[in-house]
Amino acid sequence: MKLIASLTSPYARKVRIVLQEKRIECALVVDAPMNADTRVREFNPLGKVPVLVLDDGSTLFDSRVIVDYLDHVSPVSRLIPGELRQAVAVKRWEALADGICDAGVLVFLERKRPVEQQSADWIARQLDKVDAGLLALSNDLGERPWCNGEAYSLADIAVGCSLLWLAFRLPEIDWRNRHANLAKLVDKLMLRPAFADTVPQV
Ligand SMILES: N[C@@H](CCC(=O)N[C@@H](CS)C(=O)NCC(=O)O)C(=O)O
């Protein structure tokens, strides 16, 4: 099994953390899909990472499909609860965390275009989604130790990857000071080897 991933993607980081937490052996193939020499399209027609290539050559994408698969193939450290309502709650956290990244990535890419082609309205629209998403994360977390209550889960991994990607690519968004409970959660997550070992690299 091999994982095709870039070292900066928050979605790929989520998968790498899940692999490590569940102690699943998997080769890492680094491929930056925006580079001219990328081979990602040979594995995913959408040209996006992460892609998981199974031993029989079949491919899995996107990150949500991959982490669901990984959590079911190994019983070690279950990250998605077995009970349906709990599982759906965790997947909702993941959707919100990934959605914040989706909006942030659009801002990051828009800002890479020539200044005269950038749309200030588009950037403001996406930043508004990021802000609303952060507020929802913070309100939903409240004073609980982990996103889904008492136990560490995929929800925390997704939220951590999203917030740490914002800190990396859009550092002017001051979520740490605005939402102290999110900062506390991320500080706790960074103590875990799986988070510490997957810090984005350029
Ligand atoms: N929903 C996808 C998003 C994946 C995604 O957008 N990956 C980015 C890297 S952060 C990518 O590969 N972009 C290349 C492109 O859009 O061409 C997932 O969760 O895997």
# chains A, B, ... in the order shown; residues from 1 in each chain; ligands from 1

$ select_by_dssp --residues "stretch 5-200 of chain A" --states "alpha helix (DSSP H)" --output "ChimeraX atom specification"
/A:10-21,63-73,84-110,120-141,154-169,175-178,180-189,193-196

$ write_last_selection --atoms "C-alpha atoms" --output "tab-separated table (two decimals), in the first residue's frame"
chain	number	residue	atom	x	y	z
A	10	PRO	CA	-3.91	19.37	5.23
A	11	TYR	CA	-6.01	16.58	3.74
A	12	ALA	CA	-2.94	14.40	3.21
A	13	ARG	CA	-1.74	15.23	6.72
A	14	LYS	CA	-5.04	13.96	8.11
A	15	VAL	CA	-4.46	10.61	6.38
A	16	ARG	CA	-0.81	10.44	7.50
A	17	ILE	CA	-1.84	11.05	11.10
A	18	VAL	CA	-4.54	8.37	10.90
A	19	LEU	CA	-1.98	5.88	9.52
A	20	GLN	CA	0.41	6.63	12.36
A	21	GLU	CA	-2.21	6.57	15.12
A	63	SER	CA	-9.16	11.92	2.20
A	64	ARG	CA	-12.54	11.23	3.82
A	65	VAL	CA	-12.93	7.97	1.91
A	66	ILE	CA	-9.36	6.98	2.76
A	67	VAL	CA	-9.63	7.59	6.52
A	68	ASP	CA	-12.96	5.77	6.65
A	69	TYR	CA	-11.34	2.81	4.92
A	70	LEU	CA	-8.27	2.82	7.17
A	71	ASP	CA	-10.34	2.99	10.33
A	72	HIS	CA	-12.31	-0.06	9.22
A	73	VAL	CA	-9.41	-2.23	8.03
A	84	LEU	CA	-24.13	5.54	14.04
A	85	ARG	CA	-25.06	8.87	15.67
A	86	GLN	CA	-21.59	9.23	17.17
A	87	ALA	CA	-19.97	8.31	13.86
A	88	VAL	CA	-22.06	10.90	12.03
A	89	ALA	CA	-21.14	13.53	14.62
A	90	VAL	CA	-17.44	12.82	14.05
A	91	LYS	CA	-17.86	12.97	10.26
A	92	ARG	CA	-19.68	16.30	10.65
A	93	TRP	CA	-16.67	17.72	12.51
A	94	GLU	CA	-14.49	16.44	9.70
A	95	ALA	CA	-16.70	18.06	7.05
A	96	LEU	CA	-16.56	21.40	8.85
A	97	ALA	CA	-12.79	21.23	9.36
A	98	ASP	CA	-12.17	20.22	5.73
A	99	GLY	CA	-14.59	22.91	4.54
A	100	ILE	CA	-12.57	25.57	6.34
A	101	CYS	CA	-9.50	24.29	4.50
A	102	ASP	CA	-11.38	24.27	1.19
A	103	ALA	CA	-12.19	27.98	1.60
A	104	GLY	CA	-8.67	28.75	2.81
A	105	VAL	CA	-7.09	26.94	-0.14
A	106	LEU	CA	-9.19	29.03	-2.54
A	107	VAL	CA	-7.86	32.19	-0.88
A	108	PHE	CA	-4.29	30.90	-0.98
A	109	LEU	CA	-4.53	30.06	-4.69
A	110	GLU	CA	-6.32	33.29	-5.61
A	120	ALA	CA	-11.16	40.97	-3.64
A	121	ASP	CA	-14.86	39.98	-3.43
A	122	TRP	CA	-14.04	36.31	-3.95
A	123	ILE	CA	-11.29	36.40	-1.33
A	124	ALA	CA	-13.62	38.16	1.15
A	125	ARG	CA	-16.36	35.59	0.49
A	126	GLN	CA	-13.99	32.70	1.26
A	127	LEU	CA	-12.48	34.40	4.32
A	128	ASP	CA	-15.99	34.89	5.64
A	129	LYS	CA	-16.53	31.14	5.39
A	130	VAL	CA	-13.28	30.52	7.25
A	131	ASP	CA	-14.31	32.91	10.04
A	132	ALA	CA	-17.81	31.42	10.33
A	133	GLY	CA	-16.35	27.92	10.35
A	134	LEU	CA	-13.87	28.79	13.10
A	135	LEU	CA	-16.64	30.27	15.23
A	136	ALA	CA	-18.73	27.12	14.78
A	137	LEU	CA	-15.76	24.89	15.71
A	138	SER	CA	-15.14	26.94	18.83
A	139	ASN	CA	-18.79	27.01	19.88
A	140	ASP	CA	-19.20	23.29	19.29
A	141	LEU	CA	-16.02	22.45	21.22
A	154	LEU	CA	-10.94	11.62	13.80
A	155	ALA	CA	-12.78	14.87	14.62
A	156	ASP	CA	-9.73	16.15	16.54
A	157	ILE	CA	-7.37	15.06	13.78
A	158	ALA	CA	-9.38	16.88	11.11
A	159	VAL	CA	-9.76	20.02	13.21
A	160	GLY	CA	-6.07	20.02	14.12
A	161	CYS	CA	-4.97	19.63	10.49
A	162	SER	CA	-7.27	22.44	9.41
A	163	LEU	CA	-6.16	24.91	12.10
A	164	LEU	CA	-2.49	24.10	11.66
A	165	TRP	CA	-2.80	24.57	7.90
A	166	LEU	CA	-4.34	28.01	8.49
A	167	ALA	CA	-1.44	28.87	10.80
A	168	PHE	CA	0.98	27.76	8.06
A	169	ARG	CA	-0.59	29.35	4.96
A	175	TRP	CA	-7.78	32.13	15.43
A	176	ARG	CA	-5.53	31.49	18.44
A	177	ASN	CA	-6.42	34.75	20.15
A	178	ARG	CA	-10.03	34.74	18.99
A	180	ALA	CA	-8.67	30.17	23.14
A	181	ASN	CA	-10.34	26.76	23.35
A	182	LEU	CA	-9.18	25.89	19.80
A	183	ALA	CA	-5.63	27.00	20.66
A	184	LYS	CA	-5.68	24.77	23.74
A	185	LEU	CA	-6.86	21.81	21.70
A	186	VAL	CA	-4.17	22.31	19.05
A	187	ASP	CA	-1.43	22.63	21.68
A	188	LYS	CA	-2.57	19.31	23.13
A	189	LEU	CA	-2.63	17.69	19.68
A	193	PRO	CA	3.97	12.15	17.81
A	194	ALA	CA	1.63	11.75	14.83
A	195	PHE	CA	1.08	15.53	14.73
A	196	ALA	CA	4.66	16.45	15.57

$ select_by_dssp --residues "chain A" --states "strand (DSSP E or B)" --output "PyMOL selection string"
chain A and resi 2-5+27-30+51-53+59-60+146+149

$ atom_distance --atom1 "atom CA of A:Pro50" --atom2 "atom CA of A:Gly82"
24.9 Å

$ closest_residue --among "A:Arg78, A:Met1, A:Glu25, A:Arg113" --to "A:Thr59" --atoms "only C-alpha atoms"
A:Met1

$ closest_residue --among "A:Leu28, A:Glu172, A:Asp56, A:Pro200" --to "ligand 1" --atoms "only C-alpha atoms and all ligand atoms"
A:Pro200

$ closest_residue --among "A:Ile24, A:Val29, A:Ala36, A:Leu46" --to "ligand 1" --atoms "only C-alpha atoms and all ligand atoms"
A:Leu46

$ atom_distance --atom1 "atom 11 (C, counted along the ligand's line) of ligand 1" --atom2 "atom CA of A:Ile80"
24.4 Å

$ closest_residue --among "A:Arg192, A:Lys48, A:Arg41, A:Lys112" --to "ligand 1" --atoms "only C-alpha atoms and all ligand atoms"
A:Lys48

$ atom_distance --atom1 "atom 17 (O, counted along the ligand's line) of ligand 1" --atom2 "atom CA of A:Ser9"
11.5 Å

$ closest_residue --among "A:Glu42, A:Glu150, A:Glu116, A:Asp31" --to "ligand 1" --atoms "only C-alpha atoms and all ligand atoms"
A:Asp31

$ decode --residues "stretch 10-25 of chain A" --atoms "all heavy atoms" --output "PDB file, in the first residue's frame"
ATOM      1  N   PRO A  10      -3.266  19.718   3.954  1.00  0.00           N
ATOM      2  CA  PRO A  10      -3.906  19.371   5.232  1.00  0.00           C
ATOM      3  C   PRO A  10      -4.719  18.079   5.139  1.00  0.00           C
ATOM      4  O   PRO A  10      -4.874  17.362   6.127  1.00  0.00           O
ATOM      5  CB  PRO A  10      -4.824  20.573   5.493  1.00  0.00           C
ATOM      6  CG  PRO A  10      -5.102  21.151   4.137  1.00  0.00           C
ATOM      7  CD  PRO A  10      -3.870  20.913   3.328  1.00  0.00           C
ATOM      8  N   TYR A  11      -5.221  17.803   3.935  1.00  0.00           N
ATOM      9  CA  TYR A  11      -6.013  16.580   3.737  1.00  0.00           C
ATOM     10  C   TYR A  11      -5.087  15.357   3.793  1.00  0.00           C
ATOM     11  O   TYR A  11      -5.419  14.334   4.374  1.00  0.00           O
ATOM     12  CB  TYR A  11      -6.754  16.626   2.399  1.00  0.00           C
ATOM     13  CG  TYR A  11      -7.415  17.955   2.115  1.00  0.00           C
ATOM     14  CD1 TYR A  11      -6.809  18.897   1.277  1.00  0.00           C
ATOM     15  CD2 TYR A  11      -8.630  18.284   2.704  1.00  0.00           C
ATOM     16  CE1 TYR A  11      -7.405  20.126   1.017  1.00  0.00           C
ATOM     17  CE2 TYR A  11      -9.232  19.521   2.452  1.00  0.00           C
ATOM     18  CZ  TYR A  11      -8.617  20.425   1.605  1.00  0.00           C
ATOM     19  OH  TYR A  11      -9.212  21.638   1.357  1.00  0.00           O
ATOM     20  N   ALA A  12      -3.920  15.496   3.169  1.00  0.00           N
ATOM     21  CA  ALA A  12      -2.945  14.402   3.211  1.00  0.00           C
ATOM     22  C   ALA A  12      -2.405  14.225   4.629  1.00  0.00           C
ATOM     23  O   ALA A  12      -2.183  13.093   5.084  1.00  0.00           O
ATOM     24  CB  ALA A  12      -1.798  14.687   2.239  1.00  0.00           C
ATOM     25  N   ARG A  13      -2.235  15.336   5.337  1.00  0.00           N
ATOM     26  CA  ARG A  13      -1.739  15.233   6.719  1.00  0.00           C
ATOM     27  C   ARG A  13      -2.740  14.452   7.572  1.00  0.00           C
ATOM     28  O   ARG A  13      -2.347  13.628   8.411  1.00  0.00           O
ATOM     29  CB  ARG A  13      -1.525  16.631   7.301  1.00  0.00           C
ATOM     30  CG  ARG A  13      -0.879  16.592   8.665  1.00  0.00           C
ATOM     31  CD  ARG A  13      -0.647  17.968   9.231  1.00  0.00           C
ATOM     32  NE  ARG A  13       0.211  17.918  10.408  1.00  0.00           N
ATOM     33  CZ  ARG A  13       0.545  18.971  11.133  1.00  0.00           C
ATOM     34  NH1 ARG A  13       0.108  20.171  10.798  1.00  0.00           N
ATOM     35  NH2 ARG A  13       1.318  18.841  12.188  1.00  0.00           N
ATOM     36  N   LYS A  14      -4.011  14.690   7.355  1.00  0.00           N
ATOM     37  CA  LYS A  14      -5.041  13.955   8.105  1.00  0.00           C
ATOM     38  C   LYS A  14      -4.862  12.449   7.904  1.00  0.00           C
ATOM     39  O   LYS A  14      -4.890  11.674   8.868  1.00  0.00           O
ATOM     40  CB  LYS A  14      -6.431  14.415   7.611  1.00  0.00           C
ATOM     41  CG  LYS A  14      -7.608  13.842   8.337  1.00  0.00           C
ATOM     42  CD  LYS A  14      -8.934  14.462   7.827  1.00  0.00           C
ATOM     43  CE  LYS A  14      -9.088  14.297   6.331  1.00  0.00           C
ATOM     44  NZ  LYS A  14     -10.434  14.660   5.838  1.00  0.00           N
ATOM     45  N   VAL A  15      -4.636  12.041   6.669  1.00  0.00           N
ATOM     46  CA  VAL A  15      -4.457  10.614   6.377  1.00  0.00           C
ATOM     47  C   VAL A  15      -3.163  10.095   7.008  1.00  0.00           C
ATOM     48  O   VAL A  15      -3.135   9.009   7.608  1.00  0.00           O
ATOM     49  CB  VAL A  15      -4.436  10.362   4.851  1.00  0.00           C
ATOM     50  CG1 VAL A  15      -4.112   8.908   4.554  1.00  0.00           C
ATOM     51  CG2 VAL A  15      -5.771  10.759   4.233  1.00  0.00           C
ATOM     52  N   ARG A  16      -2.090  10.881   6.927  1.00  0.00           N
ATOM     53  CA  ARG A  16      -0.808  10.437   7.498  1.00  0.00           C
ATOM     54  C   ARG A  16      -0.923  10.264   9.004  1.00  0.00           C
ATOM     55  O   ARG A  16      -0.363   9.332   9.577  1.00  0.00           O
ATOM     56  CB  ARG A  16       0.298  11.437   7.133  1.00  0.00           C
ATOM     57  CG  ARG A  16       0.613  11.421   5.625  1.00  0.00           C
ATOM     58  CD  ARG A  16       1.455  12.603   5.220  1.00  0.00           C
ATOM     59  NE  ARG A  16       2.771  12.575   5.825  1.00  0.00           N
ATOM     60  CZ  ARG A  16       3.493  13.677   6.051  1.00  0.00           C
ATOM     61  NH1 ARG A  16       3.027  14.869   5.751  1.00  0.00           N
ATOM     62  NH2 ARG A  16       4.693  13.560   6.578  1.00  0.00           N
ATOM     63  N   ILE A  17      -1.659  11.161   9.638  1.00  0.00           N
ATOM     64  CA  ILE A  17      -1.841  11.046  11.099  1.00  0.00           C
ATOM     65  C   ILE A  17      -2.674   9.804  11.426  1.00  0.00           C
ATOM     66  O   ILE A  17      -2.342   9.056  12.354  1.00  0.00           O
ATOM     67  CB  ILE A  17      -2.473  12.344  11.654  1.00  0.00           C
ATOM     68  CG1 ILE A  17      -1.449  13.473  11.593  1.00  0.00           C
ATOM     69  CG2 ILE A  17      -2.994  12.132  13.075  1.00  0.00           C
ATOM     70  CD1 ILE A  17      -1.986  14.851  11.925  1.00  0.00           C
ATOM     71  N   VAL A  18      -3.710   9.559  10.658  1.00  0.00           N
ATOM     72  CA  VAL A  18      -4.542   8.368  10.901  1.00  0.00           C
ATOM     73  C   VAL A  18      -3.687   7.101  10.739  1.00  0.00           C
ATOM     74  O   VAL A  18      -3.751   6.178  11.561  1.00  0.00           O
ATOM     75  CB  VAL A  18      -5.770   8.358   9.963  1.00  0.00           C
ATOM     76  CG1 VAL A  18      -6.450   6.994   9.968  1.00  0.00           C
ATOM     77  CG2 VAL A  18      -6.760   9.445  10.377  1.00  0.00           C
ATOM     78  N   LEU A  19      -2.859   7.054   9.711  1.00  0.00           N
ATOM     79  CA  LEU A  19      -1.983   5.881   9.515  1.00  0.00           C
ATOM     80  C   LEU A  19      -1.095   5.666  10.732  1.00  0.00           C
ATOM     81  O   LEU A  19      -0.952   4.534  11.221  1.00  0.00           O
ATOM     82  CB  LEU A  19      -1.102   6.084   8.274  1.00  0.00           C
ATOM     83  CG  LEU A  19      -1.765   5.886   6.918  1.00  0.00           C
ATOM     84  CD1 LEU A  19      -0.893   6.465   5.804  1.00  0.00           C
ATOM     85  CD2 LEU A  19      -2.033   4.405   6.648  1.00  0.00           C
ATOM     86  N   GLN A  20      -0.511   6.748  11.222  1.00  0.00           N
ATOM     87  CA  GLN A  20       0.414   6.631  12.358  1.00  0.00           C
ATOM     88  C   GLN A  20      -0.325   6.253  13.644  1.00  0.00           C
ATOM     89  O   GLN A  20       0.139   5.393  14.397  1.00  0.00           O
ATOM     90  CB  GLN A  20       1.175   7.953  12.528  1.00  0.00           C
ATOM     91  CG  GLN A  20       2.386   7.815  13.435  1.00  0.00           C
ATOM     92  CD  GLN A  20       3.359   8.977  13.299  1.00  0.00           C
ATOM     93  OE1 GLN A  20       3.505   9.562  12.223  1.00  0.00           O
ATOM     94  NE2 GLN A  20       4.045   9.315  14.367  1.00  0.00           N
ATOM     95  N   GLU A  21      -1.459   6.882  13.889  1.00  0.00           N
ATOM     96  CA  GLU A  21      -2.215   6.573  15.115  1.00  0.00           C
ATOM     97  C   GLU A  21      -2.651   5.111  15.123  1.00  0.00           C
ATOM     98  O   GLU A  21      -2.711   4.474  16.170  1.00  0.00           O
ATOM     99  CB  GLU A  21      -3.451   7.477  15.242  1.00  0.00           C
ATOM    100  CG  GLU A  21      -3.145   8.970  15.404  1.00  0.00           C
ATOM    101  CD  GLU A  21      -2.638   9.359  16.788  1.00  0.00           C
ATOM    102  OE1 GLU A  21      -2.227   8.468  17.556  1.00  0.00           O
ATOM    103  OE2 GLU A  21      -2.637  10.568  17.094  1.00  0.00           O
ATOM    104  N   LYS A  22      -2.960   4.586  13.933  1.00  0.00           N
ATOM    105  CA  LYS A  22      -3.446   3.208  13.841  1.00  0.00           C
ATOM    106  C   LYS A  22      -2.311   2.209  13.574  1.00  0.00           C
ATOM    107  O   LYS A  22      -2.569   1.015  13.361  1.00  0.00           O
ATOM    108  CB  LYS A  22      -4.529   3.110  12.754  1.00  0.00           C
ATOM    109  CG  LYS A  22      -5.782   3.920  13.141  1.00  0.00           C
ATOM    110  CD  LYS A  22      -6.894   3.789  12.135  1.00  0.00           C
ATOM    111  CE  LYS A  22      -7.543   2.424  12.142  1.00  0.00           C
ATOM    112  NZ  LYS A  22      -8.317   2.125  13.351  1.00  0.00           N
ATOM    113  N   ARG A  23      -1.090   2.720  13.538  1.00  0.00           N
ATOM    114  CA  ARG A  23       0.100   1.879  13.331  1.00  0.00           C
ATOM    115  C   ARG A  23      -0.014   1.024  12.071  1.00  0.00           C
ATOM    116  O   ARG A  23       0.299  -0.171  12.062  1.00  0.00           O
ATOM    117  CB  ARG A  23       0.351   0.996  14.555  1.00  0.00           C
ATOM    118  CG  ARG A  23       0.757   1.780  15.774  1.00  0.00           C
ATOM    119  CD  ARG A  23       0.756   0.976  17.027  1.00  0.00           C
ATOM    120  NE  ARG A  23       1.220   1.733  18.178  1.00  0.00           N
ATOM    121  CZ  ARG A  23       0.567   2.733  18.765  1.00  0.00           C
ATOM    122  NH1 ARG A  23      -0.609   3.113  18.279  1.00  0.00           N
ATOM    123  NH2 ARG A  23       1.056   3.364  19.786  1.00  0.00           N
ATOM    124  N   ILE A  24      -0.466   1.647  10.996  1.00  0.00           N
ATOM    125  CA  ILE A  24      -0.575   0.945   9.711  1.00  0.00           C
ATOM    126  C   ILE A  24       0.651   1.309   8.880  1.00  0.00           C
ATOM    127  O   ILE A  24       0.937   2.498   8.663  1.00  0.00           O
ATOM    128  CB  ILE A  24      -1.869   1.354   8.966  1.00  0.00           C
ATOM    129  CG1 ILE A  24      -3.103   0.944   9.775  1.00  0.00           C
ATOM    130  CG2 ILE A  24      -1.909   0.743   7.568  1.00  0.00           C
ATOM    131  CD1 ILE A  24      -4.425   1.449   9.202  1.00  0.00           C
ATOM    132  N   GLU A  25       1.365   0.279   8.415  1.00  0.00           N
ATOM    133  CA  GLU A  25       2.541   0.506   7.577  1.00  0.00           C
ATOM    134  C   GLU A  25       2.091   0.940   6.185  1.00  0.00           C
ATOM    135  O   GLU A  25       1.225   0.287   5.581  1.00  0.00           O
ATOM    136  CB  GLU A  25       3.355  -0.788   7.430  1.00  0.00           C
ATOM    137  CG  GLU A  25       4.090  -1.204   8.689  1.00  0.00           C
ATOM    138  CD  GLU A  25       5.219  -0.247   9.048  1.00  0.00           C
ATOM    139  OE1 GLU A  25       5.858   0.290   8.138  1.00  0.00           O
ATOM    140  OE2 GLU A  25       5.437  -0.048  10.264  1.00  0.00           O
TER     141      GLU A  25
END
